[in-house]
Structure formats: structure tokens, C-alpha cells
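Written out below as C-alpha cells is the structure these notes cover.
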Amino acid sequence: VSYAIAAYAITALTLVGYIALLSRELRRLKGGC
Amino acid sequence: MQERDAALLGKLARWRAPLGIALALLSAVYAWTVWSAPIDSTQGVIQKILYVHPPLAYGAYLGFVLTAIGGALYLWKERELWDQLAVAGAEVGVIFCTLMMVTGPIWAKGTWGHWWSWDPRLTLTLLLWFVYASYLLLRGFTEGGARTARFAAVYGLLGTLLIPLNYFVIELFQGRAMHPENLERGSLGDGMGWPFLCGNLTLFAAFAYCVLMRWELEMRRAWLADRAEALSGGGA
């Protein structure tokens, strides 16, 4: 069970983290526009 | 930035909110279908990695194909926004490819007993990852400009040759590969089709969302750089 949970947790956290980084950078750039 | 590029930027930003809502809803349905999917009688719960690993692979392929399409359109039209799409496709593709190469070994450790094997599919996937990670390094370590964009476009186009090879290598090795065969219609057990479909839809929505944001980011960066250059040129 722990292997399956690890696979899903790593995928979800990476994608959410990446989207959060992109959102932050976009907000920063929009502030500069 | 040209007027039509600015219009596209506006459209990208408008698509983001509905796509984000769709992604959130799909994620909830996906989690439910994976949770309630039947337990495989041979592999047990670890088989549920099947609902995330192949969709990540399709996302990686799609990202690299977008890089080739963006590169080809850049070579043809010489519009910067196509080069920016190519960069977005490569970055999101590398992220999906990395996650594919993390979830695969997790399944392998639980099923084969070891994390990695120099199986043809695994080896070619690693090569594919290196090709596009190198593309991103090339873009990151050079100053940009038309020459870099043209070189990257050709490189990205050539890189896609690995995709069909990567997909069909198991058939080419005719049963000598360790990696399970590609999924075909009817190869999933009862009750496993829905979670697999939901996995594909959710990860496709996540892929599209990431590409839209990354493309918009690349366009805004270029626009700000152009504006800064124009201002400094005007002040000189």
C-alpha cells in the first residue's frame, strides 16, 4: 500500500508545487507589467 | 509584443480559470475512482500505480511533441510565440517524464524487487529524459535570440524521433523486455477502465493547465525584456 501512496503523493505534490510556482511567478510579472 | 500576440496572451489567461476548476473537479473524481477500484488479485494494491504511470508517460510524449510543433512553426513563421510554446512543452514534458521515471521504479521495487533494470523501455525513457533536460539546459544557459531558437527547434524536432521508438520498443524486443506490454483495448480487468480513463483525463487537464501557464509566463517575460530594452535604448 505504501508504494502506491508514495507514487500518488509524489505526483500530486510535484504538480501542485509546480503550479504554485508558476502562479507566483505570473503574479510577480503581472505586477511588473 | 505584436497586437495579435497580446490578444493570444489575453485568451490564454481567460482559459486558465475554467480549466483550473475542471482540473480540481476531475482530481476529486479521479481520487475517488482510484480509491474504489478493485484490488488486483496478482499484484495487490501496488497495481493502482497503473492509473498514474501511463498517463504521465502520455503527458511527457505530448510535451515533447508540442516542443517539435512549436519549433517547426517557429522555423516556418519566425514568430517568437511558437518558440515560447516549444519551451513550455519541453519543461512540462520533462516534469511529466521525471514523474513517470519516479512512479515506474516505485512499482518495480514492489513488483520486481528492485528499483531499476536496464530494460530497453527504461533505458530509452532515460535517454528521452536526458535529451529534453539538455534542451532546457541549452535554453537556460544561452542568451536566447533567433539563432538559439532555430537550433533548439531543430534539436526538438529530432528529439521526437525517440518517441515512437520508446513506445514500440517492447514490440521490437518481442517478449524479451521486462517492462509490461503497452495497454490495449480489453487488457484492463473489470472495473479498472474508469480509474484509468479518469487518470488520463485528469493528468491531461493538469498538463494543459501547466502548459498554458508556462507559455503565458514565457510570453510575459519576453515582453518585459523587450520593454526594458526599449526603455534603456530610449534613454541612451
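By order of appearance in the C-alpha cells: chains A, B, ..., then residues from 1 within every chain, and ligands from 1 in the order shown.
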Chain B contacts to chain A at 7 Å (only C-alpha atoms) as a PDB file with all heavy atoms, in the first residue's frame:
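The resulting out.pdb:
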ATOM      1  N   VAL B  45      -2.456  -3.980  -4.128  1.00  0.00           N
ATOM      2  CA  VAL B  45      -2.736  -2.532  -4.227  1.00  0.00           C
ATOM      3  C   VAL B  45      -1.732  -1.809  -5.139  1.00  0.00           C
ATOM      4  O   VAL B  45      -2.075  -0.826  -5.804  1.00  0.00           O
ATOM      5  CB  VAL B  45      -2.726  -1.900  -2.820  1.00  0.00           C
ATOM      6  CG1 VAL B  45      -2.944  -0.390  -2.900  1.00  0.00           C
ATOM      7  CG2 VAL B  45      -3.817  -2.509  -1.958  1.00  0.00           C
ATOM      8  N   ILE B  46      -0.511  -2.314  -5.209  1.00  0.00           N
ATOM      9  CA  ILE B  46       0.530  -1.615  -5.990  1.00  0.00           C
ATOM     10  C   ILE B  46       0.142  -1.493  -7.468  1.00  0.00           C
ATOM     11  O   ILE B  46       0.602  -0.588  -8.169  1.00  0.00           O
ATOM     12  CB  ILE B  46       1.906  -2.309  -5.815  1.00  0.00           C
ATOM     13  CG1 ILE B  46       3.011  -1.331  -6.189  1.00  0.00           C
ATOM     14  CG2 ILE B  46       2.000  -3.596  -6.619  1.00  0.00           C
ATOM     15  CD1 ILE B  46       4.383  -1.755  -5.758  1.00  0.00           C
ATOM     16  N   LYS B  48      -2.395  -0.281  -8.560  1.00  0.00           N
ATOM     17  CA  LYS B  48      -3.087   1.001  -8.768  1.00  0.00           C
ATOM     18  C   LYS B  48      -2.150   2.093  -9.299  1.00  0.00           C
ATOM     19  O   LYS B  48      -2.606   3.132  -9.751  1.00  0.00           O
ATOM     20  CB  LYS B  48      -3.768   1.450  -7.475  1.00  0.00           C
ATOM     21  CG  LYS B  48      -4.923   0.537  -7.086  1.00  0.00           C
ATOM     22  CD  LYS B  48      -5.806   1.149  -6.022  1.00  0.00           C
ATOM     23  CE  LYS B  48      -6.932   0.177  -5.684  1.00  0.00           C
ATOM     24  NZ  LYS B  48      -8.013   0.801  -4.940  1.00  0.00           N
ATOM     25  N   ILE B  49      -0.850   1.857  -9.249  1.00  0.00           N
ATOM     26  CA  ILE B  49       0.108   2.806  -9.849  1.00  0.00           C
ATOM     27  C   ILE B  49      -0.131   2.889 -11.362  1.00  0.00           C
ATOM     28  O   ILE B  49       0.182   3.885 -12.002  1.00  0.00           O
ATOM     29  CB  ILE B  49       1.568   2.407  -9.490  1.00  0.00           C
ATOM     30  CG1 ILE B  49       1.798   2.618  -7.991  1.00  0.00           C
ATOM     31  CG2 ILE B  49       2.592   3.210 -10.286  1.00  0.00           C
ATOM     32  CD1 ILE B  49       3.181   2.237  -7.498  1.00  0.00           C
ATOM     33  N   LEU B  99       8.306  12.441 -13.394  1.00  0.00           N
ATOM     34  CA  LEU B  99       7.337  11.756 -12.528  1.00  0.00           C
ATOM     35  C   LEU B  99       7.074  10.329 -13.014  1.00  0.00           C
ATOM     36  O   LEU B  99       6.899   9.416 -12.210  1.00  0.00           O
ATOM     37  CB  LEU B  99       6.020  12.558 -12.478  1.00  0.00           C
ATOM     38  CG  LEU B  99       6.091  13.842 -11.654  1.00  0.00           C
ATOM     39  CD1 LEU B  99       4.830  14.675 -11.849  1.00  0.00           C
ATOM     40  CD2 LEU B  99       6.281  13.527 -10.174  1.00  0.00           C
ATOM     41  N   THR B 103       7.497   7.152 -10.596  1.00  0.00           N
ATOM     42  CA  THR B 103       6.404   6.215 -10.278  1.00  0.00           C
ATOM     43  C   THR B 103       6.707   4.808 -10.812  1.00  0.00           C
ATOM     44  O   THR B 103       6.332   3.823 -10.175  1.00  0.00           O
ATOM     45  CB  THR B 103       5.059   6.715 -10.844  1.00  0.00           C
ATOM     46  OG1 THR B 103       5.212   6.985 -12.243  1.00  0.00           O
ATOM     47  CG2 THR B 103       4.592   7.966 -10.154  1.00  0.00           C
ATOM     48  N   ILE B 106       9.003   2.911  -8.451  1.00  0.00           N
ATOM     49  CA  ILE B 106       8.285   2.582  -7.204  1.00  0.00           C
ATOM     50  C   ILE B 106       7.479   1.296  -7.424  1.00  0.00           C
ATOM     51  O   ILE B 106       7.491   0.384  -6.602  1.00  0.00           O
ATOM     52  CB  ILE B 106       7.375   3.754  -6.761  1.00  0.00           C
ATOM     53  CG1 ILE B 106       8.223   4.938  -6.292  1.00  0.00           C
ATOM     54  CG2 ILE B 106       6.430   3.314  -5.633  1.00  0.00           C
ATOM     55  CD1 ILE B 106       7.428   6.201  -5.977  1.00  0.00           C
ATOM     56  N   TRP B 107       6.814   1.215  -8.584  1.00  0.00           N
ATOM     57  CA  TRP B 107       6.060  -0.005  -8.925  1.00  0.00           C
ATOM     58  C   TRP B 107       7.035  -1.186  -9.073  1.00  0.00           C
ATOM     59  O   TRP B 107       6.768  -2.287  -8.591  1.00  0.00           O
ATOM     60  CB  TRP B 107       5.276   0.229 -10.224  1.00  0.00           C
ATOM     61  CG  TRP B 107       4.584  -1.009 -10.717  1.00  0.00           C
ATOM     62  CD1 TRP B 107       3.352  -1.457 -10.350  1.00  0.00           C
ATOM     63  CD2 TRP B 107       5.091  -1.976 -11.656  1.00  0.00           C
ATOM     64  NE1 TRP B 107       3.064  -2.633 -10.986  1.00  0.00           N
ATOM     65  CE2 TRP B 107       4.110  -2.976 -11.786  1.00  0.00           C
ATOM     66  CE3 TRP B 107       6.281  -2.100 -12.371  1.00  0.00           C
ATOM     67  CZ2 TRP B 107       4.285  -4.076 -12.631  1.00  0.00           C
ATOM     68  CZ3 TRP B 107       6.456  -3.188 -13.205  1.00  0.00           C
ATOM     69  CH2 TRP B 107       5.456  -4.169 -13.329  1.00  0.00           C
ATOM     70  N   GLY B 110       8.265  -2.700  -5.780  1.00  0.00           N
ATOM     71  CA  GLY B 110       7.255  -3.525  -5.119  1.00  0.00           C
ATOM     72  C   GLY B 110       6.933  -4.802  -5.881  1.00  0.00           C
ATOM     73  O   GLY B 110       6.462  -5.766  -5.294  1.00  0.00           O
ATOM     74  N   CYS B 210      -0.727  23.425 -16.961  1.00  0.00           N
ATOM     75  CA  CYS B 210       0.687  23.790 -16.782  1.00  0.00           C
ATOM     76  C   CYS B 210       1.252  24.425 -18.056  1.00  0.00           C
ATOM     77  O   CYS B 210       1.970  25.434 -17.990  1.00  0.00           O
ATOM     78  CB  CYS B 210       1.522  22.561 -16.423  1.00  0.00           C
ATOM     79  SG  CYS B 210       1.205  21.923 -14.785  1.00  0.00           S
ATOM     80  N   MET B 213      -0.043  28.007 -18.500  1.00  0.00           N
ATOM     81  CA  MET B 213       0.606  28.942 -17.565  1.00  0.00           C
ATOM     82  C   MET B 213       2.052  29.198 -17.966  1.00  0.00           C
ATOM     83  O   MET B 213       2.526  30.332 -17.943  1.00  0.00           O
ATOM     84  CB  MET B 213       0.590  28.358 -16.147  1.00  0.00           C
ATOM     85  CG  MET B 213      -0.744  28.448 -15.490  1.00  0.00           C
ATOM     86  SD  MET B 213      -0.643  27.773 -13.846  1.00  0.00           S
ATOM     87  CE  MET B 213      -0.249  29.219 -12.929  1.00  0.00           C
ATOM     88  N   ARG B 214       2.753  28.124 -18.344  1.00  0.00           N
ATOM     89  CA  ARG B 214       4.177  28.259 -18.673  1.00  0.00           C
ATOM     90  C   ARG B 214       4.369  29.069 -19.946  1.00  0.00           C
ATOM     91  O   ARG B 214       5.319  29.850 -20.067  1.00  0.00           O
ATOM     92  CB  ARG B 214       4.778  26.843 -18.806  1.00  0.00           C
ATOM     93  CG  ARG B 214       6.278  26.812 -18.963  1.00  0.00           C
ATOM     94  CD  ARG B 214       6.963  27.383 -17.741  1.00  0.00           C
ATOM     95  NE  ARG B 214       8.403  27.475 -17.935  1.00  0.00           N
ATOM     96  CZ  ARG B 214       9.034  28.445 -18.595  1.00  0.00           C
ATOM     97  NH1 ARG B 214       8.324  29.436 -19.125  1.00  0.00           N
ATOM     98  NH2 ARG B 214      10.339  28.455 -18.713  1.00  0.00           N
ATOM     99  N   LEU B 217       3.736  32.648 -19.129  1.00  0.00           N
ATOM    100  CA  LEU B 217       4.894  33.155 -18.377  1.00  0.00           C
ATOM    101  C   LEU B 217       6.043  33.522 -19.323  1.00  0.00           C
ATOM    102  O   LEU B 217       6.657  34.590 -19.206  1.00  0.00           O
ATOM    103  CB  LEU B 217       5.341  32.073 -17.386  1.00  0.00           C
ATOM    104  CG  LEU B 217       6.474  32.399 -16.437  1.00  0.00           C
ATOM    105  CD1 LEU B 217       6.075  33.526 -15.510  1.00  0.00           C
ATOM    106  CD2 LEU B 217       6.836  31.174 -15.617  1.00  0.00           C
ATOM    107  N   ARG B 220       5.165  36.690 -21.236  1.00  0.00           N
ATOM    108  CA  ARG B 220       5.259  37.905 -20.410  1.00  0.00           C
ATOM    109  C   ARG B 220       6.727  38.273 -20.127  1.00  0.00           C
ATOM    110  O   ARG B 220       7.085  39.440 -20.122  1.00  0.00           O
ATOM    111  CB  ARG B 220       4.516  37.708 -19.080  1.00  0.00           C
ATOM    112  CG  ARG B 220       3.024  37.791 -19.241  1.00  0.00           C
ATOM    113  CD  ARG B 220       2.302  37.869 -17.919  1.00  0.00           C
ATOM    114  NE  ARG B 220       0.873  37.793 -18.130  1.00  0.00           N
ATOM    115  CZ  ARG B 220       0.107  38.825 -18.475  1.00  0.00           C
ATOM    116  NH1 ARG B 220       0.645  40.016 -18.642  1.00  0.00           N
ATOM    117  NH2 ARG B 220      -1.186  38.671 -18.661  1.00  0.00           N
TER     118      ARG B 220
END
Between CA of Arg14 in chain B and CA of Ala225 in chain B - distance in Å to one decimal: 23.3 Å
I'd like to know which residues of range 100-136 of chain B are helix (DSSP H, G or I) (by DSSP, run on the backbone); could you write them as a count of residues only? 29
With a distance cut-off of 10 Å and only C-alpha atoms, select the neighbouring residues of range 161-163 of chain B, excluding the residue or stretch itself and same-chain residues fewer than 5 positions from it, and output the selection as a ChimeraX atom specification. /B:60-62,64-65,124-125,127-128,131,156,168-169
What lies within 12 Å of Leu188 in chain B using only C-alpha atoms, ignoring chain neighbours under 3 positions off, as number ranges by chain? B: 37-38, 40, 47-48, 50-51, 181-185, 191-197
I'd like the interatomic distance between CA of Phe204 in chain B and CA of Gln84 in chain B, to a tenth of an Å. 20.1 Å
As number ranges by chain, please: the residues near Leu56 in chain B (cut-off 7 Å, only C-alpha atoms, same-chain neighbours under 4 positions excluded). B: 52, 60, 96-97, 99-100, 203
Selection above as a file: all heavy atoms, as a PDB file, in the first residue's frame:
ATOM      1  N   VAL B  52      -1.701   6.036 -12.757  1.00  0.00           N
ATOM      2  CA  VAL B  52      -0.966   7.311 -12.809  1.00  0.00           C
ATOM      3  C   VAL B  52       0.256   7.227 -13.738  1.00  0.00           C
ATOM      4  O   VAL B  52       0.597   8.212 -14.397  1.00  0.00           O
ATOM      5  CB  VAL B  52      -0.565   7.802 -11.384  1.00  0.00           C
ATOM      6  CG1 VAL B  52       0.470   6.935 -10.734  1.00  0.00           C
ATOM      7  CG2 VAL B  52      -0.108   9.246 -11.408  1.00  0.00           C
ATOM      8  N   ALA B  60       4.217  13.285 -21.000  1.00  0.00           N
ATOM      9  CA  ALA B  60       5.607  13.545 -21.393  1.00  0.00           C
ATOM     10  C   ALA B  60       5.727  13.541 -22.921  1.00  0.00           C
ATOM     11  O   ALA B  60       6.301  14.470 -23.513  1.00  0.00           O
ATOM     12  CB  ALA B  60       6.531  12.490 -20.784  1.00  0.00           C
ATOM     13  N   PHE B  96       6.684  15.805 -16.426  1.00  0.00           N
ATOM     14  CA  PHE B  96       5.877  14.581 -16.536  1.00  0.00           C
ATOM     15  C   PHE B  96       6.783  13.354 -16.713  1.00  0.00           C
ATOM     16  O   PHE B  96       6.523  12.299 -16.149  1.00  0.00           O
ATOM     17  CB  PHE B  96       4.874  14.695 -17.697  1.00  0.00           C
ATOM     18  CG  PHE B  96       3.572  15.321 -17.276  1.00  0.00           C
ATOM     19  CD1 PHE B  96       3.512  16.640 -16.873  1.00  0.00           C
ATOM     20  CD2 PHE B  96       2.396  14.588 -17.275  1.00  0.00           C
ATOM     21  CE1 PHE B  96       2.320  17.229 -16.467  1.00  0.00           C
ATOM     22  CE2 PHE B  96       1.192  15.153 -16.870  1.00  0.00           C
ATOM     23  CZ  PHE B  96       1.151  16.474 -16.473  1.00  0.00           C
ATOM     24  N   CYS B  97       7.846  13.509 -17.511  1.00  0.00           N
ATOM     25  CA  CYS B  97       8.775  12.396 -17.751  1.00  0.00           C
ATOM     26  C   CYS B  97       9.484  12.019 -16.439  1.00  0.00           C
ATOM     27  O   CYS B  97       9.670  10.841 -16.138  1.00  0.00           O
ATOM     28  CB  CYS B  97       9.778  12.808 -18.826  1.00  0.00           C
ATOM     29  SG  CYS B  97      10.704  11.434 -19.492  1.00  0.00           S
ATOM     30  N   LEU B  99       8.306  12.441 -13.394  1.00  0.00           N
ATOM     31  CA  LEU B  99       7.337  11.756 -12.528  1.00  0.00           C
ATOM     32  C   LEU B  99       7.074  10.329 -13.014  1.00  0.00           C
ATOM     33  O   LEU B  99       6.899   9.416 -12.210  1.00  0.00           O
ATOM     34  CB  LEU B  99       6.020  12.558 -12.478  1.00  0.00           C
ATOM     35  CG  LEU B  99       6.091  13.842 -11.654  1.00  0.00           C
ATOM     36  CD1 LEU B  99       4.830  14.675 -11.849  1.00  0.00           C
ATOM     37  CD2 LEU B  99       6.281  13.527 -10.174  1.00  0.00           C
ATOM     38  N   MET B 100       7.090  10.162 -14.345  1.00  0.00           N
ATOM     39  CA  MET B 100       6.937   8.809 -14.892  1.00  0.00           C
ATOM     40  C   MET B 100       8.100   7.933 -14.427  1.00  0.00           C
ATOM     41  O   MET B 100       7.916   6.766 -14.070  1.00  0.00           O
ATOM     42  CB  MET B 100       6.895   8.882 -16.423  1.00  0.00           C
ATOM     43  CG  MET B 100       7.080   7.542 -17.082  1.00  0.00           C
ATOM     44  SD  MET B 100       7.012   7.550 -18.861  1.00  0.00           S
ATOM     45  CE  MET B 100       8.184   8.704 -19.415  1.00  0.00           C
ATOM     46  N   LEU B 203      -4.823  13.979 -15.690  1.00  0.00           N
ATOM     47  CA  LEU B 203      -3.437  14.365 -15.959  1.00  0.00           C
ATOM     48  C   LEU B 203      -3.316  15.136 -17.264  1.00  0.00           C
ATOM     49  O   LEU B 203      -2.435  15.988 -17.401  1.00  0.00           O
ATOM     50  CB  LEU B 203      -2.523  13.146 -15.914  1.00  0.00           C
ATOM     51  CG  LEU B 203      -2.291  12.735 -14.454  1.00  0.00           C
ATOM     52  CD1 LEU B 203      -1.807  11.321 -14.330  1.00  0.00           C
ATOM     53  CD2 LEU B 203      -1.314  13.681 -13.768  1.00  0.00           C
TER      54      LEU B 203
END
Skip range 170-172 of chain B itself and residues of its chain fewer than 4 positions away, then list as an NGL selection string all residues within 9 Å of it, counting only C-alpha atoms. :B and (120-121 or 165-166 or 176-182)
Separation of CA of Tyr155 in chain B and CA of Leu136 in chain B, in Å? 11.1 Å
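For the set B:Ser27, B:Thr67, B:Gln43, B:Thr98, the residue with the smallest atom-to-atom gap to Leu157 in chain B is B:Thr67, counting only C-alpha atoms.
Distances here use only C-alpha atoms; by that measure, the residue among B:Ala228, B:Val211, B:Ala153, B:Met101 closest to Trp76 in chain B is B:Ala153.
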